[in-house]
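Visitor: Provided below: target_29.cif, containing mmCIF, C-alpha atoms.
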```cif
data_my_file
#
loop_
_atom_site.group_PDB
_atom_site.id
_atom_site.type_symbol
_atom_site.label_atom_id
_atom_site.label_comp_id
_atom_site.auth_asym_id
_atom_site.auth_seq_id
_atom_site.Cartn_x
_atom_site.Cartn_y
_atom_site.Cartn_z
ATOM 1 C CA MET A 50 -22.699 24.424 -56.077
ATOM 2 C CA GLN A 51 -21.690 27.598 -57.996
ATOM 3 C CA TYR A 52 -18.171 29.047 -57.620
ATOM 4 C CA LYS A 53 -17.296 32.634 -58.367
ATOM 5 C CA VAL A 54 -14.392 33.349 -60.680
ATOM 6 C CA SER A 55 -12.449 34.743 -57.746
ATOM 7 C CA ASP A 56 -13.035 31.483 -55.817
ATOM 8 C CA LEU A 57 -11.808 29.388 -58.742
ATOM 9 C CA ARG A 58 -8.717 31.545 -59.113
ATOM 10 C CA TYR A 59 -8.037 31.201 -55.405
ATOM 11 C CA LYS A 60 -8.418 27.418 -55.606
ATOM 12 C CA HIS A 61 -6.064 27.269 -58.594
ATOM 13 C CA TYR A 62 -3.543 29.483 -56.766
ATOM 14 C CA TRP A 63 -3.762 27.346 -53.640
ATOM 15 C CA LYS A 64 -3.260 24.086 -55.585
ATOM 16 C CA SER A 65 -0.291 25.642 -57.380
ATOM 17 C CA LYS A 66 1.252 26.722 -54.094
ATOM 18 C CA MET A 67 0.700 23.266 -52.544
ATOM 19 C CA GLY A 68 2.208 21.623 -55.601
ATOM 20 C CA TYR A 69 5.188 23.980 -55.393
ATOM 21 C CA TYR A 70 5.783 23.159 -51.747
ATOM 22 C CA PHE A 71 5.399 19.423 -52.449
ATOM 23 C CA ILE A 72 7.910 19.538 -55.307
ATOM 24 C CA THR A 73 10.289 21.642 -53.222
ATOM 25 C CA ALA A 74 10.073 19.240 -50.274
ATOM 26 C CA MET A 75 10.600 16.233 -52.547
ATOM 27 C CA SER A 76 13.643 17.784 -54.257
ATOM 28 C CA ASN A 77 15.601 18.667 -51.137
ATOM 29 C CA MET A 78 16.876 15.202 -50.111
ATOM 30 C CA THR A 79 20.669 15.006 -49.997
ATOM 31 C CA ASP A 80 22.987 12.071 -49.360
ATOM 32 C CA ASP A 81 23.251 13.199 -45.750
ATOM 33 C CA ASP A 82 19.459 13.293 -45.484
ATOM 34 C CA TYR A 83 19.210 9.755 -46.791
ATOM 35 C CA HIS A 84 22.035 8.264 -44.712
ATOM 36 C CA ASN A 85 21.407 10.180 -41.499
ATOM 37 C CA THR A 86 17.628 10.641 -41.444
ATOM 38 C CA TYR A 87 15.550 8.521 -43.796
ATOM 39 C CA TRP A 88 17.426 5.222 -43.794
ATOM 40 C CA PRO A 89 17.938 5.193 -39.986
ATOM 41 C CA GLN A 90 14.172 5.693 -39.535
ATOM 42 C CA LEU A 91 13.388 2.854 -41.903
ATOM 43 C CA ARG A 92 16.072 0.618 -40.411
ATOM 44 C CA GLY A 93 14.578 1.126 -36.952
ATOM 45 C CA ALA A 94 11.132 0.083 -38.194
ATOM 46 C CA VAL A 95 12.601 -2.977 -39.914
ATOM 47 C CA ASP A 96 14.446 -3.971 -36.732
ATOM 48 C CA ARG A 97 11.275 -3.706 -34.713
ATOM 49 C CA LEU A 98 9.352 -5.874 -37.163
ATOM 50 C CA LEU A 99 12.153 -8.446 -37.288
ATOM 51 C CA GLN A 100 11.659 -9.006 -33.568
ATOM 52 C CA GLY A 101 8.348 -10.693 -34.361
ATOM 53 C CA PRO A 102 4.912 -10.236 -32.828
ATOM 54 C CA PRO A 103 4.714 -8.239 -29.586
ATOM 55 C CA PRO A 104 3.929 -9.942 -26.266
ATOM 56 C CA ALA A 105 0.319 -10.977 -25.676
ATOM 57 C CA PRO A 106 -0.857 -7.945 -23.615
ATOM 58 C CA HIS A 107 0.243 -5.547 -26.348
ATOM 59 C CA SER A 108 -2.491 -4.122 -28.555
ATOM 60 C CA GLY A 109 -2.192 -1.988 -31.660
ATOM 61 C CA PRO A 110 0.563 -1.658 -34.291
ATOM 62 C CA VAL A 111 4.213 -2.036 -33.321
ATOM 63 C CA ILE A 112 5.289 0.771 -35.681
ATOM 64 C CA GLN A 113 3.711 3.832 -37.261
ATOM 65 C CA PHE A 114 3.117 2.665 -40.811
ATOM 66 C CA GLU A 115 2.327 5.906 -42.630
ATOM 67 C CA PRO A 116 5.538 7.819 -41.716
ATOM 68 C CA MET A 117 7.640 4.794 -42.712
ATOM 69 C CA TYR A 118 5.778 4.327 -45.991
ATOM 70 C CA SER A 119 6.213 8.045 -46.687
ATOM 71 C CA ALA A 120 9.955 7.888 -45.951
ATOM 72 C CA ALA A 121 10.451 4.944 -48.319
ATOM 73 C CA TYR A 122 8.324 6.670 -50.964
ATOM 74 C CA LYS A 123 10.438 9.837 -50.770
ATOM 75 C CA CYS A 124 13.657 7.827 -51.096
ATOM 76 C CA VAL A 125 12.393 6.179 -54.264
ATOM 77 C CA CYS A 126 11.152 9.490 -55.715
ATOM 78 C CA GLN A 127 14.557 11.028 -55.070
ATOM 79 C CA GLN A 128 16.428 8.350 -57.028
ATOM 80 C CA TYR A 129 17.641 6.470 -53.961
ATOM 81 C CA SER A 130 15.916 3.245 -55.009
ATOM 82 C CA GLU A 131 19.094 1.262 -55.563
ATOM 83 C CA SER A 132 20.669 2.481 -52.321
ATOM 84 C CA LEU A 133 17.492 1.719 -50.396
ATOM 85 C CA TYR A 134 17.222 -1.782 -51.851
ATOM 86 C CA LYS A 135 20.881 -2.562 -51.123
ATOM 87 C CA ASP A 136 20.696 -1.174 -47.592
ATOM 88 C CA LEU A 137 17.465 -3.071 -46.860
ATOM 89 C CA THR A 138 18.636 -6.438 -48.177
ATOM 90 C CA SER A 139 22.084 -6.067 -46.622
ATOM 91 C CA HIS A 140 20.598 -5.248 -43.224
ATOM 92 C CA ILE A 141 18.159 -8.162 -43.328
ATOM 93 C CA HIS A 142 20.917 -10.455 -44.601
ATOM 94 C CA LYS A 143 22.990 -9.655 -41.497
ATOM 95 C CA HIS A 144 19.977 -10.364 -39.301
ATOM 96 C CA PHE A 145 19.408 -13.732 -40.998
ATOM 97 C CA LEU A 146 23.056 -14.714 -40.571
ATOM 98 C CA LYS A 147 22.767 -13.941 -36.870
ATOM 99 C CA ILE A 148 19.696 -16.180 -36.656
ATOM 100 C CA ALA A 149 21.503 -19.009 -38.471
ATOM 101 C CA LEU A 150 24.348 -18.777 -35.958
ATOM 102 C CA GLU A 151 21.927 -18.922 -33.018
ATOM 103 C CA MET A 152 20.103 -21.952 -34.465
ATOM 104 C CA ARG A 153 23.255 -23.876 -35.358
ATOM 105 C CA ASP A 154 23.717 -25.682 -32.038
ATOM 106 C CA LEU A 155 20.135 -26.863 -31.533
ATOM 107 C CA ASP A 156 19.734 -30.568 -30.824
ATOM 108 C CA ASP A 157 17.160 -32.726 -32.604
ATOM 109 C CA GLU A 158 14.636 -32.391 -29.780
ATOM 110 C CA GLN A 159 14.567 -28.605 -30.169
ATOM 111 C CA LEU A 160 14.808 -28.437 -33.932
ATOM 112 C CA ILE A 161 11.171 -28.811 -34.998
ATOM 113 C CA ILE A 162 9.609 -26.424 -32.471
ATOM 114 C CA SER A 163 12.408 -23.870 -32.895
ATOM 115 C CA TYR A 164 12.035 -23.703 -36.678
ATOM 116 C CA TYR A 165 8.254 -23.738 -36.412
ATOM 117 C CA ASN A 166 8.422 -20.636 -34.219
ATOM 118 C CA LEU A 167 11.124 -19.045 -36.366
ATOM 119 C CA LEU A 168 9.239 -19.358 -39.654
ATOM 120 C CA ASN A 169 6.076 -17.969 -38.082
ATOM 121 C CA ARG A 170 8.084 -15.003 -36.810
ATOM 122 C CA ILE A 171 9.743 -14.377 -40.185
ATOM 123 C CA ILE A 172 6.388 -14.512 -41.994
ATOM 124 C CA TYR A 173 5.033 -11.952 -39.520
ATOM 125 C CA SER A 174 8.106 -9.761 -40.103
ATOM 126 C CA LEU A 175 7.911 -9.880 -43.895
ATOM 127 C CA ASP A 176 4.182 -9.187 -43.812
ATOM 128 C CA GLY A 177 5.009 -5.959 -41.967
ATOM 129 C CA ILE A 178 8.167 -4.946 -43.844
ATOM 130 C CA ILE A 179 7.058 -5.452 -47.450
ATOM 131 C CA PRO A 180 4.084 -3.022 -47.385
ATOM 132 C CA ILE A 181 6.394 -0.237 -46.156
ATOM 133 C CA PHE A 182 8.490 -0.657 -49.299
ATOM 134 C CA THR A 183 5.583 -1.059 -51.726
ATOM 135 C CA TYR A 184 6.794 1.772 -53.943
ATOM 136 C CA LEU A 185 10.363 0.426 -53.963
ATOM 137 C CA ASN A 186 8.962 -2.962 -54.966
ATOM 138 C CA ARG A 187 6.908 -1.467 -57.780
ATOM 139 C CA ILE A 188 9.440 0.974 -59.200
ATOM 140 C CA TYR A 189 12.770 -0.784 -58.638
ATOM 141 C CA VAL A 190 12.429 -4.476 -57.795
ATOM 142 C CA ALA A 191 9.691 -5.287 -60.312
ATOM 143 C CA THR A 192 11.056 -3.060 -63.083
ATOM 144 C CA LYS A 193 14.831 -3.319 -62.740
ATOM 145 C CA LEU A 194 15.184 -6.782 -61.175
ATOM 146 C CA CYS A 195 12.075 -8.405 -62.732
ATOM 147 C CA SER A 196 11.232 -9.855 -59.338
ATOM 148 C CA ASN A 197 9.306 -8.875 -56.226
ATOM 149 C CA LEU A 198 10.455 -7.928 -52.757
ATOM 150 C CA ARG A 199 8.845 -10.901 -51.001
ATOM 151 C CA ALA A 200 10.545 -13.381 -53.315
ATOM 152 C CA GLU A 201 13.892 -11.630 -52.839
ATOM 153 C CA LEU A 202 13.677 -11.618 -49.038
ATOM 154 C CA GLN A 203 12.374 -15.185 -48.838
ATOM 155 C CA SER A 204 15.225 -16.319 -51.074
ATOM 156 C CA LEU A 205 17.654 -14.507 -48.784
ATOM 157 C CA PHE A 206 16.208 -16.325 -45.770
ATOM 158 C CA CYS A 207 16.502 -19.682 -47.498
ATOM 159 C CA VAL A 208 20.130 -19.137 -48.487
ATOM 160 C CA ASP A 209 21.174 -17.796 -45.096
ATOM 161 C CA VAL A 210 19.077 -19.892 -42.695
ATOM 162 C CA LEU A 211 17.278 -22.848 -44.265
ATOM 163 C CA ASP A 212 19.740 -24.153 -46.862
ATOM 164 C CA PRO A 213 22.457 -25.111 -44.348
ATOM 165 C CA VAL A 214 20.016 -27.093 -42.178
ATOM 166 C CA ILE A 215 17.220 -28.250 -44.493
ATOM 167 C CA GLY A 216 18.483 -31.821 -44.920
ATOM 168 C CA ARG A 217 18.840 -32.380 -41.191
ATOM 169 C CA LEU A 218 15.556 -30.619 -40.365
ATOM 170 C CA LEU A 219 13.504 -32.688 -42.823
ATOM 171 C CA ALA A 220 15.207 -35.895 -41.668
ATOM 172 C CA VAL A 221 14.242 -35.120 -38.066
ATOM 173 C CA ILE A 222 10.676 -34.333 -39.129
ATOM 174 C CA ARG A 223 10.377 -37.590 -41.062
ATOM 175 C CA HIS A 224 11.889 -39.639 -38.234
ATOM 176 C CA THR A 225 9.500 -38.027 -35.758
ATOM 177 C CA THR A 226 6.401 -38.664 -37.863
ATOM 178 C CA GLU A 227 7.363 -42.275 -38.610
ATOM 179 C CA GLU A 228 9.011 -43.452 -35.391
ATOM 180 C CA ARG A 229 7.509 -41.196 -32.734
ATOM 181 C CA PRO A 230 4.007 -40.170 -33.819
ATOM 182 C CA PHE A 231 2.440 -37.437 -31.710
ATOM 183 C CA HIS A 232 5.745 -36.685 -29.964
ATOM 184 C CA VAL A 233 5.313 -33.304 -31.647
ATOM 185 C CA ALA A 234 1.798 -31.995 -32.231
ATOM 186 C CA PRO A 235 0.728 -32.915 -35.800
ATOM 187 C CA HIS A 236 -0.455 -29.372 -36.556
ATOM 188 C CA VAL A 237 3.024 -28.051 -35.725
ATOM 189 C CA ILE A 238 4.726 -30.403 -38.171
ATOM 190 C CA ALA A 239 2.097 -29.746 -40.866
ATOM 191 C CA ALA A 240 2.441 -25.960 -40.503
ATOM 192 C CA LEU A 241 6.241 -26.169 -40.542
ATOM 193 C CA ILE A 242 6.320 -28.258 -43.728
ATOM 194 C CA LYS A 243 3.831 -25.940 -45.457
ATOM 195 C CA ASN A 244 5.824 -22.850 -44.488
ATOM 196 C CA ILE A 245 9.083 -24.404 -45.706
ATOM 197 C CA TYR A 246 7.350 -25.172 -49.007
ATOM 198 C CA LYS A 247 6.020 -21.606 -49.145
ATOM 199 C CA PHE A 248 9.534 -20.218 -48.789
ATOM 200 C CA ASN A 249 11.068 -22.507 -51.403
ATOM 201 C CA PHE A 250 9.087 -25.174 -53.251
ATOM 202 C CA GLU A 251 12.352 -26.480 -54.735
ATOM 203 C CA TYR A 252 12.996 -28.263 -51.436
ATOM 204 C CA ALA A 253 10.094 -30.589 -52.275
ATOM 205 C CA LYS A 254 11.845 -31.677 -55.477
ATOM 206 C CA LYS A 255 14.981 -32.645 -53.566
ATOM 207 C CA TYR A 256 13.192 -34.186 -50.551
ATOM 208 C CA PRO A 257 9.794 -35.313 -51.895
ATOM 209 C CA GLN A 258 9.141 -37.939 -49.205
ATOM 210 C CA ALA A 259 9.262 -35.294 -46.482
ATOM 211 C CA PHE A 260 6.543 -33.230 -48.202
ATOM 212 C CA VAL A 261 4.307 -35.862 -49.746
ATOM 213 C CA GLY A 262 2.104 -36.314 -46.679
ATOM 214 C CA PHE A 263 1.422 -32.580 -46.354
ATOM 215 C CA ILE A 264 1.499 -31.014 -49.828
ATOM 216 C CA PRO A 265 -0.701 -32.433 -52.609
ATOM 217 C CA GLY A 266 0.769 -33.206 -56.001
ATOM 218 C CA ILE A 267 4.375 -33.696 -54.874
ATOM 219 C CA LEU A 268 4.694 -37.168 -56.381
ATOM 220 C CA PRO A 269 3.427 -38.199 -59.843
ATOM 221 C CA PRO A 270 0.023 -39.902 -60.017
ATOM 222 C CA MET A 271 -0.002 -43.487 -58.737
ATOM 223 C CA ARG A 272 -0.034 -46.254 -61.335
ATOM 224 C CA GLU A 273 -1.998 -49.470 -61.055
ATOM 225 C CA HIS A 274 0.965 -51.734 -60.273
ATOM 226 C CA GLU A 275 1.852 -49.537 -57.267
ATOM 227 C CA LEU A 276 -1.473 -50.023 -55.477
ATOM 228 C CA ASN A 277 -0.436 -53.132 -53.540
ATOM 229 C CA SER A 278 2.659 -51.485 -52.092
ATOM 230 C CA TYR A 279 0.572 -48.457 -51.140
ATOM 231 C CA ILE A 280 -1.959 -50.678 -49.348
ATOM 232 C CA CYS A 281 0.836 -52.435 -47.431
ATOM 233 C CA GLU A 282 2.397 -49.120 -46.459
ATOM 234 C CA THR A 283 -0.968 -47.829 -45.212
ATOM 235 C CA GLN A 284 -1.570 -50.977 -43.166
ATOM 236 C CA GLU A 285 1.889 -50.699 -41.582
ATOM 237 C CA LEU A 286 1.241 -47.078 -40.673
ATOM 238 C CA GLN A 287 -2.131 -47.918 -39.144
ATOM 239 C CA ALA A 288 -0.593 -50.763 -37.122
ATOM 240 C CA SER A 289 2.154 -48.456 -35.887
ATOM 241 C CA LEU A 290 -0.377 -45.818 -34.835
ATOM 242 C CA ARG A 291 -2.502 -48.438 -33.013
ATOM 243 C CA GLN A 292 0.558 -49.732 -31.194
ATOM 244 C CA THR A 293 1.573 -46.212 -30.170
ATOM 245 C CA TRP A 294 -1.955 -45.468 -28.959
ATOM 246 C CA ALA A 295 -2.137 -48.742 -27.028
ATOM 247 C CA SER A 296 1.246 -48.106 -25.393
ATOM 248 C CA THR A 297 0.288 -44.568 -24.416
ATOM 249 C CA SER A 298 -3.092 -45.710 -23.115
ATOM 250 C CA THR A 299 -1.536 -48.519 -21.041
ATOM 251 C CA GLN A 300 1.020 -46.155 -19.520
ATOM 252 C CA GLY A 301 -1.764 -43.743 -18.646
ATOM 253 C CA ARG A 302 -3.836 -46.444 -16.930
ATOM 254 C CA LYS A 303 -0.788 -47.739 -15.049
ATOM 255 C CA ARG A 304 0.080 -44.246 -13.844
ATOM 256 C CA HIS A 305 -3.531 -43.734 -12.728
ATOM 257 C CA LEU A 306 -3.496 -47.031 -10.755
ATOM 258 C CA ASP A 307 -0.157 -46.159 -9.136
ATOM 259 C CA GLU A 308 -1.584 -42.837 -7.988
ATOM 260 C CA GLU A 309 -4.661 -44.556 -6.528
ATOM 261 C CA MET A 310 -2.528 -47.096 -4.656
ATOM 262 C CA SER A 311 -0.263 -44.398 -3.238
ATOM 263 C CA THR A 312 -3.260 -42.549 -1.845
#
```
Once more with this new file: its structure as structure tokens, please.
Guide:
Amino acid sequence: MQYKVSDLRYKHYWKSKMGYYFITAMSNMTDDDYHNTYWPQLRGAVDRLLQGPPPAPHSGPVIQFEPMYSAAYKCVCQQYSESLYKDLTSHIHKHFLKIALEMRDLDDEQLIISYYNLLNRIIYSLDGIIPIFTYLNRIYVATKLCSNLRAELQSLFCVDVLDPVIGRLLAVIRHTTEERPFHVAPHVIAALIKNIYKFNFEYAKKYPQAFVGFIPGILPPMREHELNSYICETQELQASLRQTWASTSTQGRKRHLDEEMST
């Protein structure tokens, strides 16, 4: 397609004007704008995502992504990267401390399911929050802190929520898998262990026996003289599982007979 000189001049003029307006808009952010407009918008989106997935009937996104991404982008372009990072991590830190307080009084029966649900919710939240702050992650966190936003927020969650309870939680998981198989659905325990490892693989170094059945490569390779003990351990586990199955099956048959007799 051929353009006339006048058309090309018009296009150049229009691009120049658009660039001028863009630069003007990007250079007008003040401290009041950041504290009273941009950060409150972003904080509201973060709060909504921290609530976790919406109820089942809900369809569609829980926030408008593009305006939030644009707001974070403008803050970074206007040299508010450090303020934005501090405000974001401080706000999420307060939320995590609140969660830790709520989870503190759980009994052992509630512990596994509660933390299974919690970690799933936090993963959902971070998967929504981190893309909003992509530019902050690239320009500030990666460059100035030599890290990434996901690692920083996951570390924050571990320090605030998991560290105080990890020993007790893993002890309950191990007791449940060894003494009360199938009391909690196996896929729940497997997913919980894998998510804990995803948040902080250092836990596996401190509590290897809790992870060894779910994460490959936790323990060093088995040596020949350890084979007999491994065989004995496997046989004991199989016997325990058979006994549990037999007990459950007997109780089920007895309950069925009782119901037939009562009718």
Visitor: Of the candidates A:Leu205, A:Val190, A:Ala149, A:Ile162, which one gets nearest to A:Ile242 if we count all atoms listed in the file?
Guide: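 Counting all atoms listed in the file, the residue closest to A:Ile242 is A:Ile162.
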Visitor: May I ask which of the residues A:Val208, A:Lys247, A:Gln287, A:Ile161 is the closest one to A:Thr225, counting all atoms listed in the file?
Guide: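 Among A:Val208, A:Lys247, A:Gln287, A:Ile161, it is A:Ile161 that comes nearest to A:Thr225.
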Visitor: If you measure from atom CA of A:Leu167 to atom CA of A:Val111, what distance in Å do you get, rounded to one decimal?
Guide: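 Interatomic distance here is 18.6 Å.
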Visitor: Could you please determine the separation between atom CA of A:Ile178 and atom CA of A:Leu211 in Å, to one decimal place?
Guide: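 These atoms are spaced 20.1 Å apart.
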Visitor: Take the PyMOL selection byres ((chain A and resi 132) around 12), run it mentally on this structure, and tell me the resulting residues as a list in words.
Guide: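 Given this file, the PyMOL selection byres ((chain A and resi 132) around 12) evaluates to Asp80, Tyr83, His84, Tyr87, Trp88, Ala121, Cys124, Val125, Gln127, Gln128, Tyr129, Ser130, Glu131, Leu133, Tyr134, Lys135, Asp136, Leu137, Thr138, Ser139, His140, Leu185 and Tyr189 of chain A.
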Visitor: Could you work out how far atom CA of A:Arg272 lies from atom CA of A:Ala240, giving the answer in Å with one decimal?
Guide: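 Interatomic distance, atom CA of A:Ala240 to atom CA of A:Arg272: 29.2 Å.
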Visitor: Applying 12 Å and all atoms listed in the file, which residues near A:Val214 remain after dropping the ones on its own chain fewer than 2 positions away? List them as a short mmCIF file (atom, residue, chain, number, x, y, z; two decimals) with C-alpha atoms, in the coordinates of the input.
Guide:
```
data_model
loop_
_atom_site.label_atom_id
_atom_site.label_comp_id
_atom_site.auth_asym_id
_atom_site.auth_seq_id
_atom_site.Cartn_x
_atom_site.Cartn_y
_atom_site.Cartn_z
CA ALA A 149 21.50 -19.01 -38.47
CA LEU A 150 24.35 -18.78 -35.96
CA MET A 152 20.10 -21.95 -34.47
CA ARG A 153 23.26 -23.88 -35.36
CA ASP A 154 23.72 -25.68 -32.04
CA LEU A 155 20.14 -26.86 -31.53
CA ASP A 156 19.73 -30.57 -30.82
CA ASP A 157 17.16 -32.73 -32.60
CA LEU A 160 14.81 -28.44 -33.93
CA ILE A 161 11.17 -28.81 -35.00
CA TYR A 164 12.04 -23.70 -36.68
CA PHE A 206 16.21 -16.32 -45.77
CA CYS A 207 16.50 -19.68 -47.50
CA VAL A 208 20.13 -19.14 -48.49
CA ASP A 209 21.17 -17.80 -45.10
CA VAL A 210 19.08 -19.89 -42.70
CA LEU A 211 17.28 -22.85 -44.26
CA ASP A 212 19.74 -24.15 -46.86
CA GLY A 216 18.48 -31.82 -44.92
CA ARG A 217 18.84 -32.38 -41.19
CA LEU A 218 15.56 -30.62 -40.36
CA LEU A 219 13.50 -32.69 -42.82
CA ALA A 220 15.21 -35.90 -41.67
CA VAL A 221 14.24 -35.12 -38.07
CA ILE A 245 9.08 -24.40 -45.71
CA TYR A 252 13.00 -28.26 -51.44
#
```
Visitor: Can you pull out every residue within 8 Å of A:Leu168, counting only C-alpha atoms, but drop anything in the same chain fewer than 2 positions away, and send it as a PDB file with C-alpha atoms, in the frame of the given file?
Guide:
```pdb
ATOM      1  CA  TYR A 164      12.035 -23.703 -36.678  1.00  0.00           C
ATOM      2  CA  TYR A 165       8.254 -23.738 -36.412  1.00  0.00           C
ATOM      3  CA  ASN A 166       8.422 -20.636 -34.219  1.00  0.00           C
ATOM      4  CA  ARG A 170       8.084 -15.003 -36.810  1.00  0.00           C
ATOM      5  CA  ILE A 171       9.743 -14.377 -40.185  1.00  0.00           C
ATOM      6  CA  ILE A 172       6.388 -14.512 -41.994  1.00  0.00           C
ATOM      7  CA  LEU A 241       6.241 -26.169 -40.542  1.00  0.00           C
ATOM      8  CA  ASN A 244       5.824 -22.850 -44.488  1.00  0.00           C
ATOM      9  CA  ILE A 245       9.083 -24.404 -45.706  1.00  0.00           C
TER      10      ILE A 245
END
```
Visitor: Find, counting all atoms listed in the file, the residue in A:Leu146, A:Ile215, A:Ala120, A:Ile280 that gets nearest to A:Tyr246.
Guide: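 Under the stated criterion, the closest residue is A:Ile215.
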Visitor: Evaluating the PyMOL selection byres ((chain A and resi 116) around 12) on the displayed file yields which residues, as a PDB file with C-alpha atoms, keeping the file's coordinate frame?
Guide:
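Heads up, here's the output in out_37.pdb:
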```pdb
ATOM      1  CA  TYR A  87      15.550   8.521 -43.796  1.00  0.00           C
ATOM      2  CA  GLN A  90      14.172   5.693 -39.535  1.00  0.00           C
ATOM      3  CA  LEU A  91      13.388   2.854 -41.903  1.00  0.00           C
ATOM      4  CA  ALA A  94      11.132   0.083 -38.194  1.00  0.00           C
ATOM      5  CA  ILE A 112       5.289   0.771 -35.681  1.00  0.00           C
ATOM      6  CA  GLN A 113       3.711   3.832 -37.261  1.00  0.00           C
ATOM      7  CA  PHE A 114       3.117   2.665 -40.811  1.00  0.00           C
ATOM      8  CA  GLU A 115       2.327   5.906 -42.630  1.00  0.00           C
ATOM      9  CA  MET A 117       7.640   4.794 -42.712  1.00  0.00           C
ATOM     10  CA  TYR A 118       5.778   4.327 -45.991  1.00  0.00           C
ATOM     11  CA  SER A 119       6.213   8.045 -46.687  1.00  0.00           C
ATOM     12  CA  ALA A 120       9.955   7.888 -45.951  1.00  0.00           C
ATOM     13  CA  ALA A 121      10.451   4.944 -48.319  1.00  0.00           C
ATOM     14  CA  TYR A 122       8.324   6.670 -50.964  1.00  0.00           C
ATOM     15  CA  LYS A 123      10.438   9.837 -50.770  1.00  0.00           C
ATOM     16  CA  ILE A 181       6.394  -0.237 -46.156  1.00  0.00           C
ATOM     17  CA  PHE A 182       8.490  -0.657 -49.299  1.00  0.00           C
TER      18      PHE A 182
END
```
Visitor: If I wrap all listed atoms of stretch 163-174 of chain A in a box with edges along x, y and z and add 5 Å on each side, what are its centre and edge lengths in Å to one decimal, as AutoDock Vina command-line options?
Guide:
```
--center_x 8.7 --center_y -16.8 --center_z -37.4 --size_x 17.4 --size_y 24.1 --size_z 19.1
```
Visitor: Name every residue that the PyMOL selection byres ((chain A and resi 101) around 9) selects in this structure, writing the answer as a PyMOL selection string with chains first and numbers rising.
Guide: chain A and resi 97-100+102-103+169-174
Visitor: Ranking A:Tyr184, A:Tyr256, A:Phe145, A:Phe263 by minimum distance to A:Gln203 and counting only C-alpha atoms, which one comes first?
Guide: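 Once distances to A:Gln203 are computed over only C-alpha atoms, the minimum belongs to A:Phe145.
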Visitor: With a distance cut-off of 10 Å and only C-alpha atoms, select the neighbouring residues of A:Gln258, excluding the residue or stretch itself and same-chain residues fewer than 3 positions from it, and output the selection as a PDB file with C-alpha atoms, in the coordinates of the input.
Guide:
```pdb
ATOM      1  CA  LEU A 219      13.504 -32.688 -42.823  1.00  0.00           C
ATOM      2  CA  ALA A 220      15.207 -35.895 -41.668  1.00  0.00           C
ATOM      3  CA  ARG A 223      10.377 -37.590 -41.062  1.00  0.00           C
ATOM      4  CA  ALA A 253      10.094 -30.589 -52.275  1.00  0.00           C
ATOM      5  CA  LYS A 254      11.845 -31.677 -55.477  1.00  0.00           C
ATOM      6  CA  LYS A 255      14.981 -32.645 -53.566  1.00  0.00           C
ATOM      7  CA  VAL A 261       4.307 -35.862 -49.746  1.00  0.00           C
ATOM      8  CA  GLY A 262       2.104 -36.314 -46.679  1.00  0.00           C
ATOM      9  CA  PHE A 263       1.422 -32.580 -46.354  1.00  0.00           C
ATOM     10  CA  ILE A 267       4.375 -33.696 -54.874  1.00  0.00           C
ATOM     11  CA  LEU A 268       4.694 -37.168 -56.381  1.00  0.00           C
TER      12      LEU A 268
END
```
